[in-house]
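Below is data29.txt, which holds compact mmCIF, C-alpha atoms.
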```
# COMPACT_ATOMS: atom_id res chain seq x y z
CA SER A 519 5.10 -7.14 -13.33
CA LEU A 520 5.79 -5.17 -10.14
CA PHE A 521 2.14 -4.14 -9.71
CA PRO A 522 0.05 -6.94 -11.27
CA ILE A 523 -3.74 -7.03 -11.56
CA ALA A 524 -4.69 -10.05 -9.45
CA GLY A 525 -8.07 -11.40 -10.54
CA GLU A 526 -11.18 -9.21 -10.70
CA LEU A 527 -11.10 -5.60 -9.52
CA ASP A 528 -13.61 -3.88 -7.28
CA LEU A 529 -14.09 -0.73 -9.35
CA PRO A 530 -17.19 1.47 -9.72
CA ASN A 531 -19.42 0.89 -12.77
CA GLU A 532 -17.26 -1.91 -14.21
CA ASP A 533 -16.20 -5.43 -13.44
CA GLY A 534 -12.50 -4.80 -14.10
CA ILE A 535 -12.02 -7.96 -16.15
CA MET A 536 -10.61 -6.07 -19.14
CA SER A 537 -8.79 -3.33 -17.22
CA GLN A 538 -5.10 -2.59 -17.48
CA VAL A 539 -2.70 0.03 -16.18
CA GLY A 540 -2.79 2.86 -18.71
CA SER A 541 -0.38 5.32 -17.12
CA PRO A 542 2.97 5.43 -15.34
CA VAL A 543 2.90 4.33 -11.68
CA VAL A 544 3.64 7.20 -9.29
CA ALA A 545 4.76 6.47 -5.71
CA ALA A 546 4.65 8.97 -2.85
CA THR A 547 6.00 8.42 0.69
CA VAL A 548 6.50 10.85 3.57
CA SER A 549 8.31 9.98 6.81
CA MET A 550 7.16 11.91 9.86
CA GLY A 551 8.19 10.83 13.34
CA GLY A 552 8.89 7.31 12.08
CA GLN A 553 5.44 7.01 10.51
CA THR A 554 5.35 6.33 6.79
CA GLU A 555 1.71 5.33 6.25
CA PHE A 556 -0.89 8.11 6.09
CA SER A 557 -4.59 7.72 5.32
CA ASN A 558 -7.81 9.76 5.58
CA LEU A 559 -5.92 12.98 4.93
CA THR A 560 -7.84 16.24 5.32
CA ASP A 561 -6.18 17.74 2.26
CA PRO A 562 -6.15 15.18 -0.57
CA VAL A 563 -3.04 14.29 -2.51
CA ILE A 564 -3.31 15.53 -6.10
CA VAL A 565 -1.58 13.39 -8.74
CA VAL A 566 -1.65 14.32 -12.42
CA LEU A 567 -1.17 11.35 -14.75
CA ARG A 568 -0.73 11.22 -18.51
CA LEU A 569 -2.26 8.15 -20.15
CA ASN A 570 -0.41 6.04 -22.66
CA PRO A 571 -1.45 6.68 -26.30
CA GLY A 572 -4.89 5.23 -27.07
CA ASN A 573 -5.81 4.45 -23.45
CA ILE A 574 -8.67 6.93 -23.07
CA THR A 575 -11.64 4.79 -22.07
CA ARG A 576 -13.17 4.37 -18.60
CA ARG A 577 -10.37 6.10 -16.74
CA THR A 578 -10.25 5.24 -13.02
CA CYS A 579 -7.69 6.52 -10.52
CA VAL A 580 -6.47 3.71 -8.30
CA SER A 581 -3.88 2.97 -5.65
CA TYR A 582 -2.04 -0.28 -4.97
CA ASP A 583 -2.91 -2.11 -1.75
CA PHE A 584 -0.39 -4.84 -0.93
CA ASN A 585 -2.83 -6.46 1.53
CA LEU A 586 -5.43 -7.36 -1.10
CA ALA A 587 -5.67 -10.69 -3.00
CA ASP A 588 -4.42 -12.77 -0.05
CA GLY A 589 -1.30 -10.67 0.37
CA THR A 590 -0.39 -10.63 -3.32
CA GLY A 591 -1.61 -7.05 -3.74
CA ASN A 592 -4.08 -5.48 -6.13
CA TRP A 593 -5.36 -2.13 -7.37
CA THR A 594 -8.28 -0.42 -5.63
CA SER A 595 -10.16 2.83 -6.21
CA GLU A 596 -10.98 3.29 -2.52
CA GLY A 597 -10.08 6.78 -1.32
CA CYS A 598 -9.46 8.17 -4.80
CA SER A 599 -11.55 10.26 -7.17
CA THR A 600 -11.02 10.78 -10.90
CA THR A 601 -11.17 13.98 -12.90
CA VAL A 602 -10.44 14.12 -16.64
CA SER A 603 -8.81 17.27 -17.97
CA GLU A 604 -11.12 19.31 -20.20
CA ASP A 605 -8.21 20.38 -22.41
CA ASP A 606 -6.65 16.95 -22.95
CA PRO A 607 -8.53 13.63 -22.45
CA ASN A 608 -5.18 11.90 -21.98
CA ILE A 609 -4.60 13.86 -18.76
CA VAL A 610 -6.21 12.46 -15.61
CA ILE A 611 -6.20 14.24 -12.24
CA CYS A 612 -6.33 11.87 -9.28
CA SER A 613 -7.36 13.10 -5.84
CA CYS A 614 -6.59 10.61 -3.06
CA ASN A 615 -6.76 10.78 0.74
CA HIS A 616 -3.68 8.63 1.35
CA LEU A 617 -0.09 8.10 0.21
CA THR A 618 0.93 4.99 -1.73
CA ASN A 619 1.47 3.93 -5.36
CA PHE A 620 -0.93 5.63 -7.79
CA ALA A 621 -1.91 4.90 -11.39
CA CYS A 622 -4.85 5.12 -13.76
CA LEU A 623 -6.65 2.01 -14.97
CA VAL A 624 -8.33 2.04 -18.37
CA ASP A 625 -10.78 -0.36 -19.96
CA ILE A 626 -9.34 -2.03 -23.06
CA CYS A 627 -12.67 -3.80 -23.65
CA ALA A 628 -14.45 -0.55 -24.50
CA ARG A 629 -12.10 -0.03 -27.46
CA THR A 630 -13.23 -3.29 -29.04
CA GLU A 631 -16.61 -3.33 -30.76
CA GLY A 632 -18.98 -5.87 -29.25
CA CYS A 633 -16.67 -6.71 -26.37
CA GLU A 634 -19.01 -5.76 -23.57
CA LEU A 635 -21.32 -8.57 -22.46
CA SER A 636 -23.89 -8.66 -19.70
CA SER A 637 -23.47 -10.95 -16.71
CA ILE A 638 -26.29 -13.15 -18.01
CA ALA A 639 -24.57 -13.53 -21.39
CA LEU A 640 -21.27 -14.40 -19.70
CA THR A 641 -23.01 -17.00 -17.52
CA VAL A 642 -24.75 -18.55 -20.53
CA LEU A 643 -21.47 -18.71 -22.47
CA GLU A 644 -19.70 -20.31 -19.50
CA VAL A 645 -22.44 -22.93 -19.05
CA LEU A 646 -22.52 -23.74 -22.77
CA SER A 647 -18.71 -24.06 -22.83
CA PHE A 648 -18.64 -26.54 -19.97
CA ILE A 649 -21.56 -28.52 -21.41
CA GLY A 650 -19.72 -28.77 -24.72
CA VAL A 651 -16.47 -29.79 -23.01
CA THR A 652 -18.30 -32.41 -20.94
CA LEU A 653 -20.03 -33.93 -23.98
CA SER A 654 -16.73 -33.99 -25.87
CA ALA A 655 -14.98 -35.71 -22.96
CA VAL A 656 -17.73 -38.34 -22.70
CA GLY A 657 -17.53 -38.96 -26.45
CA LEU A 658 -13.75 -39.40 -26.25
CA VAL A 659 -14.05 -41.89 -23.40
CA LEU A 660 -16.67 -43.90 -25.29
CA THR A 661 -14.51 -43.86 -28.43
CA VAL A 662 -11.46 -45.19 -26.57
CA ALA A 663 -13.56 -47.82 -24.79
CA THR A 664 -15.04 -48.99 -28.10
CA LEU A 665 -11.69 -49.18 -29.90
CA LEU A 666 -10.02 -51.06 -27.05
CA GLY A 667 -13.02 -53.28 -26.29
CA PHE A 668 -12.95 -55.19 -29.58
CA LYS A 669 -9.92 -57.32 -30.36
CA LYS A 670 -10.08 -56.82 -34.15
CA LEU A 671 -10.16 -53.06 -33.75
CA ARG A 672 -7.50 -53.07 -31.03
CA GLU A 673 -4.96 -54.84 -33.26
CA ARG A 674 -5.13 -52.28 -36.07
CA ASP A 675 -2.39 -49.67 -36.41
CA ALA A 676 -4.92 -46.94 -37.07
CA THR A 677 -6.66 -47.74 -33.77
CA LYS A 678 -3.44 -47.21 -31.80
CA PHE A 679 -2.97 -43.81 -33.41
CA HIS A 680 -6.61 -42.86 -32.83
CA VAL A 681 -6.50 -43.85 -29.16
CA GLN A 682 -3.44 -41.66 -28.57
CA LEU A 683 -5.21 -38.77 -30.31
CA CYS A 684 -8.29 -39.16 -28.10
CA ILE A 685 -6.16 -39.29 -24.94
CA ALA A 686 -4.35 -36.08 -25.92
CA ILE A 687 -7.62 -34.22 -26.60
CA PHE A 688 -9.14 -35.56 -23.36
CA CYS A 689 -6.15 -34.33 -21.32
CA MET A 690 -6.42 -30.90 -22.95
CA LEU A 691 -10.11 -30.66 -22.06
CA LEU A 692 -9.41 -31.88 -18.52
CA VAL A 693 -6.78 -29.19 -17.95
CA PHE A 694 -9.18 -26.59 -19.36
CA VAL A 695 -12.00 -27.57 -17.00
CA ILE A 696 -9.80 -27.83 -13.91
CA GLY A 697 -7.47 -24.91 -14.51
CA ILE A 698 -9.24 -22.21 -16.49
CA ASP A 699 -10.39 -19.28 -14.33
CA ARG A 700 -9.70 -21.25 -11.12
CA VAL A 701 -6.16 -20.19 -10.30
CA PRO A 702 -5.89 -18.65 -6.80
CA PRO A 703 -4.90 -14.96 -6.90
CA LYS A 704 -1.78 -15.72 -4.86
CA TYR A 705 -0.47 -18.00 -7.64
CA LEU A 706 -2.06 -16.15 -10.55
CA TYR A 707 1.05 -15.71 -12.73
CA GLY A 708 2.57 -19.16 -12.20
CA GLY A 709 -0.80 -20.90 -12.33
CA CYS A 710 -1.80 -19.22 -15.60
CA VAL A 711 1.57 -20.08 -17.14
CA ALA A 712 1.21 -23.73 -16.06
CA VAL A 713 -2.37 -24.08 -17.35
CA SER A 714 -1.65 -22.37 -20.68
CA SER A 715 1.54 -24.42 -21.15
CA LEU A 716 -0.29 -27.71 -20.56
CA ILE A 717 -3.14 -26.76 -22.90
CA HIS A 718 -0.61 -25.74 -25.55
CA TYR A 719 1.36 -28.96 -25.08
CA PHE A 720 -1.63 -31.31 -25.37
CA THR A 721 -2.88 -29.34 -28.39
CA LEU A 722 0.48 -29.87 -30.12
CA VAL A 723 0.38 -33.57 -29.19
CA ALA A 724 -3.10 -33.89 -30.70
CA VAL A 725 -1.97 -32.17 -33.91
CA MET A 726 1.06 -34.49 -34.08
CA TRP A 727 -1.11 -37.62 -33.75
CA MET A 728 -3.55 -36.29 -36.38
CA GLY A 729 -0.61 -35.81 -38.74
CA ALA A 730 0.68 -39.30 -37.99
CA GLU A 731 -2.76 -40.80 -38.58
CA ALA A 732 -3.11 -38.92 -41.86
CA LEU A 733 0.29 -40.22 -42.98
CA LEU A 734 -0.76 -43.78 -42.10
CA MET A 735 -3.97 -43.43 -44.12
CA PHE A 736 -1.94 -42.04 -47.03
CA GLN A 737 0.38 -45.06 -46.94
CA LYS A 738 -2.44 -47.60 -46.69
CA LEU A 739 -4.77 -46.05 -49.27
CA VAL A 740 -3.01 -43.84 -51.79
CA ILE A 741 0.29 -45.73 -52.09
CA VAL A 742 -1.36 -49.16 -52.07
CA PHE A 743 -3.94 -48.25 -54.76
CA THR A 744 -1.19 -46.64 -56.82
CA GLN A 745 0.86 -49.84 -56.72
CA ILE A 746 -2.19 -51.94 -57.65
CA THR A 747 -3.08 -49.79 -60.66
CA THR A 748 0.49 -49.74 -61.94
```

Represent the structure of the file as structure tokens.
Amino acid sequence: SLFPIAGELDLPNEDGIMSQVGSPVVAATVSMGGQTEFSNLTDPVIVVLRLNPGNITRRTCVSYDFNLADGTGNWTSEGCSTTVSEDDPNIVICSCNHLTNFACLVDICARTEGCELSSIALTVLEVLSFIGVTLSAVGLVLTVATLLGFKKLRERDATKFHVQLCIAIFCMLLVFVIGIDRVPPKYLYGGCVAVSSLIHYFTLVAVMWMGAEALLMFQKLVIVFTQITT
């Protein structure tokens, strides 16, 4: 994306977590005496934007500042005001005191029932998630230690499969704890791709080992009992 949303946005009356660009991006530049950057204009720049179909919630006129998010760039509502057309809610009139790239951000969360959560609820969910992940990781470590600590258990084929399954799940949880929501804004796209790819990979590995363990149990139980009865 040429104008990505890097992390959280500083927008009025919303946290910006579920915001997305809901209109075409309009750029305006004027060169006067070698100067191309103008701000704090006496007469504001009026930009009329038409929203994409369905994007009609929490409309906010914004401009793109390439100096935000550690030089990566991000949208900001500073210097812009928003007016919604009375005739058509899909038409937004932006009034800004500077020249740059303009667009309208909309809130996709407001179109989903029950999506909005208070900051307290989000904090509680985050704490509960990390407590659950921590308990799961401790349980996996204890399981592996128990299976490898006893010689009789260690020599079984099922134990080898189960240990590999526990390691795969543990790696997935470790990547989740370290990488989720902790990618620097400067490396947001690449970091998110790396974290999601690793989580997806270890999930597939865990599913593969569960399938292998199920096949082993089928061979040792179903096939063996079938041969005995026949």

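The smallest atom-to-atom distance between A:Ser613 and any of A:Pro542, A:Pro562, A:Gly650, A:Gly729, using all atoms listed in the file, is found for A:Pro562.
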
Subject >> Counting all atoms listed in the file, the option among A:Gln538, A:Thr600, A:Thr721, A:Ser595 closest to A:Tyr582 >> reply: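 Answer, going by the shortest atom-to-atom distance: A:Ser595.
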
Using all atoms listed in the file - which residues lie no farther than 12 Å from the point (-5.0, 5.4, -16.2) in the file's frame? Write them as a compact mmCIF listing (two decimals) with C-alpha atoms, in the frame of the given file.
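Saved file point_5.txt follows:
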```
# COMPACT_ATOMS: atom_id res chain seq x y z
CA SER A 537 -8.79 -3.33 -17.22
CA GLN A 538 -5.10 -2.59 -17.48
CA VAL A 539 -2.70 0.03 -16.18
CA GLY A 540 -2.79 2.86 -18.71
CA SER A 541 -0.38 5.32 -17.12
CA PRO A 542 2.97 5.43 -15.34
CA VAL A 543 2.90 4.33 -11.68
CA VAL A 544 3.64 7.20 -9.29
CA VAL A 565 -1.58 13.39 -8.74
CA VAL A 566 -1.65 14.32 -12.42
CA LEU A 567 -1.17 11.35 -14.75
CA ARG A 568 -0.73 11.22 -18.51
CA LEU A 569 -2.26 8.15 -20.15
CA ASN A 570 -0.41 6.04 -22.66
CA PRO A 571 -1.45 6.68 -26.30
CA GLY A 572 -4.89 5.23 -27.07
CA ASN A 573 -5.81 4.45 -23.45
CA ILE A 574 -8.67 6.93 -23.07
CA THR A 575 -11.64 4.79 -22.07
CA ARG A 576 -13.17 4.37 -18.60
CA ARG A 577 -10.37 6.10 -16.74
CA THR A 578 -10.25 5.24 -13.02
CA CYS A 579 -7.69 6.52 -10.52
CA VAL A 580 -6.47 3.71 -8.30
CA SER A 581 -3.88 2.97 -5.65
CA TRP A 593 -5.36 -2.13 -7.37
CA SER A 595 -10.16 2.83 -6.21
CA THR A 600 -11.02 10.78 -10.90
CA THR A 601 -11.17 13.98 -12.90
CA VAL A 602 -10.44 14.12 -16.64
CA PRO A 607 -8.53 13.63 -22.45
CA ASN A 608 -5.18 11.90 -21.98
CA ILE A 609 -4.60 13.86 -18.76
CA VAL A 610 -6.21 12.46 -15.61
CA ILE A 611 -6.20 14.24 -12.24
CA CYS A 612 -6.33 11.87 -9.28
CA PHE A 620 -0.93 5.63 -7.79
CA ALA A 621 -1.91 4.90 -11.39
CA CYS A 622 -4.85 5.12 -13.76
CA LEU A 623 -6.65 2.01 -14.97
CA VAL A 624 -8.33 2.04 -18.37
CA ASP A 625 -10.78 -0.36 -19.96
CA ILE A 626 -9.34 -2.03 -23.06
```

Subject >> Between atom CA of A:Ile717 and atom CA of A:Leu691 - distance in Å to one decimal >> reply: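 Interatomic distance, atom CA of A:Leu691 to atom CA of A:Ile717: 8.0 Å.
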
Original post:
Between atom CA of A:Val695 and atom CA of A:Ser647, what is the spacing in Å?
Top reply: 9.6 Å

Residue contacts of A:Cys689 (8 Å, only C-alpha atoms) excluding same-chain residues fewer than 4 positions away, as a PDB file with C-alpha atoms, keeping the file's coordinate frame:
```pdb
ATOM      1  CA  ILE A 685      -6.160 -39.290 -24.940  1.00  0.00           C
ATOM      2  CA  VAL A 693      -6.780 -29.190 -17.950  1.00  0.00           C
ATOM      3  CA  PHE A 720      -1.630 -31.310 -25.370  1.00  0.00           C
TER       4      PHE A 720
END
```

Could you rebuild stretch 609-620 of chain A with all heavy atoms and give me the result as a PDB file, in the frame of the given file?
```pdb
ATOM      1  N   ILE A 609      -5.062  13.412 -20.062  1.00  0.00           N
ATOM      2  CA  ILE A 609      -4.600  13.860 -18.760  1.00  0.00           C
ATOM      3  C   ILE A 609      -5.677  13.557 -17.720  1.00  0.00           C
ATOM      4  O   ILE A 609      -6.835  13.957 -17.874  1.00  0.00           O
ATOM      5  CB  ILE A 609      -4.288  15.375 -18.754  1.00  0.00           C
ATOM      6  CG1 ILE A 609      -3.190  15.691 -19.769  1.00  0.00           C
ATOM      7  CG2 ILE A 609      -3.884  15.825 -17.362  1.00  0.00           C
ATOM      8  CD1 ILE A 609      -1.850  15.050 -19.451  1.00  0.00           C
ATOM      9  N   VAL A 610      -5.291  12.831 -16.675  1.00  0.00           N
ATOM     10  CA  VAL A 610      -6.210  12.460 -15.610  1.00  0.00           C
ATOM     11  C   VAL A 610      -5.685  13.030 -14.293  1.00  0.00           C
ATOM     12  O   VAL A 610      -4.496  12.886 -13.974  1.00  0.00           O
ATOM     13  CB  VAL A 610      -6.365  10.936 -15.503  1.00  0.00           C
ATOM     14  CG1 VAL A 610      -7.231  10.561 -14.313  1.00  0.00           C
ATOM     15  CG2 VAL A 610      -6.974  10.378 -16.777  1.00  0.00           C
ATOM     16  N   ILE A 611      -6.561  13.661 -13.534  1.00  0.00           N
ATOM     17  CA  ILE A 611      -6.200  14.240 -12.240  1.00  0.00           C
ATOM     18  C   ILE A 611      -6.788  13.355 -11.140  1.00  0.00           C
ATOM     19  O   ILE A 611      -8.013  13.209 -11.029  1.00  0.00           O
ATOM     20  CB  ILE A 611      -6.723  15.674 -12.107  1.00  0.00           C
ATOM     21  CG1 ILE A 611      -6.193  16.532 -13.262  1.00  0.00           C
ATOM     22  CG2 ILE A 611      -6.325  16.273 -10.759  1.00  0.00           C
ATOM     23  CD1 ILE A 611      -6.822  17.921 -13.318  1.00  0.00           C
ATOM     24  N   CYS A 612      -5.914  12.759 -10.354  1.00  0.00           N
ATOM     25  CA  CYS A 612      -6.330  11.870  -9.280  1.00  0.00           C
ATOM     26  C   CYS A 612      -6.250  12.595  -7.943  1.00  0.00           C
ATOM     27  O   CYS A 612      -5.230  13.219  -7.626  1.00  0.00           O
ATOM     28  CB  CYS A 612      -5.466  10.618  -9.232  1.00  0.00           C
ATOM     29  SG  CYS A 612      -5.514   9.630 -10.753  1.00  0.00           S
ATOM     30  N   SER A 613      -7.308  12.493  -7.165  1.00  0.00           N
ATOM     31  CA  SER A 613      -7.360  13.100  -5.840  1.00  0.00           C
ATOM     32  C   SER A 613      -7.575  11.987  -4.819  1.00  0.00           C
ATOM     33  O   SER A 613      -8.647  11.370  -4.774  1.00  0.00           O
ATOM     34  CB  SER A 613      -8.494  14.128  -5.766  1.00  0.00           C
ATOM     35  OG  SER A 613      -8.588  14.672  -4.479  1.00  0.00           O
ATOM     36  N   CYS A 614      -6.545  11.726  -3.991  1.00  0.00           N
ATOM     37  CA  CYS A 614      -6.590  10.610  -3.060  1.00  0.00           C
ATOM     38  C   CYS A 614      -6.324  11.087  -1.632  1.00  0.00           C
ATOM     39  O   CYS A 614      -5.581  12.059  -1.428  1.00  0.00           O
ATOM     40  CB  CYS A 614      -5.572   9.536  -3.441  1.00  0.00           C
ATOM     41  SG  CYS A 614      -5.808   8.859  -5.109  1.00  0.00           S
ATOM     42  N   ASN A 615      -6.906  10.384  -0.661  1.00  0.00           N
ATOM     43  CA  ASN A 615      -6.760  10.780   0.740  1.00  0.00           C
ATOM     44  C   ASN A 615      -5.690   9.983   1.474  1.00  0.00           C
ATOM     45  O   ASN A 615      -5.709   9.864   2.695  1.00  0.00           O
ATOM     46  CB  ASN A 615      -8.100  10.647   1.471  1.00  0.00           C
ATOM     47  CG  ASN A 615      -8.589   9.193   1.493  1.00  0.00           C
ATOM     48  OD1 ASN A 615      -7.922   8.283   1.005  1.00  0.00           O
ATOM     49  ND2 ASN A 615      -9.766   8.990   2.064  1.00  0.00           N
ATOM     50  N   HIS A 616      -4.745   9.400   0.718  1.00  0.00           N
ATOM     51  CA  HIS A 616      -3.680   8.630   1.350  1.00  0.00           C
ATOM     52  C   HIS A 616      -2.450   8.651   0.444  1.00  0.00           C
ATOM     53  O   HIS A 616      -2.520   9.103  -0.704  1.00  0.00           O
ATOM     54  CB  HIS A 616      -4.120   7.193   1.603  1.00  0.00           C
ATOM     55  CG  HIS A 616      -4.605   6.500   0.358  1.00  0.00           C
ATOM     56  ND1 HIS A 616      -5.878   6.674  -0.136  1.00  0.00           N
ATOM     57  CD2 HIS A 616      -3.997   5.655  -0.503  1.00  0.00           C
ATOM     58  CE1 HIS A 616      -6.025   5.955  -1.231  1.00  0.00           C
ATOM     59  NE2 HIS A 616      -4.889   5.331  -1.481  1.00  0.00           N
ATOM     60  N   LEU A 617      -1.332   8.166   0.962  1.00  0.00           N
ATOM     61  CA  LEU A 617      -0.090   8.100   0.210  1.00  0.00           C
ATOM     62  C   LEU A 617       0.261   6.642  -0.070  1.00  0.00           C
ATOM     63  O   LEU A 617       0.273   5.812   0.839  1.00  0.00           O
ATOM     64  CB  LEU A 617       1.063   8.751   0.994  1.00  0.00           C
ATOM     65  CG  LEU A 617       0.974  10.262   1.194  1.00  0.00           C
ATOM     66  CD1 LEU A 617       2.119  10.738   2.063  1.00  0.00           C
ATOM     67  CD2 LEU A 617       0.999  10.978  -0.148  1.00  0.00           C
ATOM     68  N   THR A 618       0.526   6.347  -1.328  1.00  0.00           N
ATOM     69  CA  THR A 618       0.930   4.990  -1.730  1.00  0.00           C
ATOM     70  C   THR A 618       1.366   5.060  -3.185  1.00  0.00           C
ATOM     71  O   THR A 618       1.854   6.091  -3.646  1.00  0.00           O
ATOM     72  CB  THR A 618      -0.230   3.993  -1.540  1.00  0.00           C
ATOM     73  OG1 THR A 618       0.208   2.691  -1.929  1.00  0.00           O
ATOM     74  CG2 THR A 618      -1.443   4.392  -2.345  1.00  0.00           C
ATOM     75  N   ASN A 619       1.160   3.972  -3.932  1.00  0.00           N
ATOM     76  CA  ASN A 619       1.470   3.930  -5.360  1.00  0.00           C
ATOM     77  C   ASN A 619       0.198   4.212  -6.162  1.00  0.00           C
ATOM     78  O   ASN A 619      -0.806   3.522  -5.994  1.00  0.00           O
ATOM     79  CB  ASN A 619       2.038   2.566  -5.746  1.00  0.00           C
ATOM     80  CG  ASN A 619       3.274   2.221  -4.937  1.00  0.00           C
ATOM     81  OD1 ASN A 619       4.339   2.778  -5.126  1.00  0.00           O
ATOM     82  ND2 ASN A 619       3.132   1.297  -3.996  1.00  0.00           N
ATOM     83  N   PHE A 620       0.250   5.203  -7.040  1.00  0.00           N
ATOM     84  CA  PHE A 620      -0.930   5.630  -7.790  1.00  0.00           C
ATOM     85  C   PHE A 620      -0.755   5.336  -9.277  1.00  0.00           C
ATOM     86  O   PHE A 620       0.356   5.345  -9.807  1.00  0.00           O
ATOM     87  CB  PHE A 620      -1.182   7.131  -7.602  1.00  0.00           C
ATOM     88  CG  PHE A 620      -1.335   7.540  -6.164  1.00  0.00           C
ATOM     89  CD1 PHE A 620      -0.285   8.156  -5.497  1.00  0.00           C
ATOM     90  CD2 PHE A 620      -2.510   7.306  -5.487  1.00  0.00           C
ATOM     91  CE1 PHE A 620      -0.410   8.537  -4.175  1.00  0.00           C
ATOM     92  CE2 PHE A 620      -2.653   7.686  -4.161  1.00  0.00           C
ATOM     93  CZ  PHE A 620      -1.597   8.293  -3.499  1.00  0.00           C
TER      94      PHE A 620
END
```
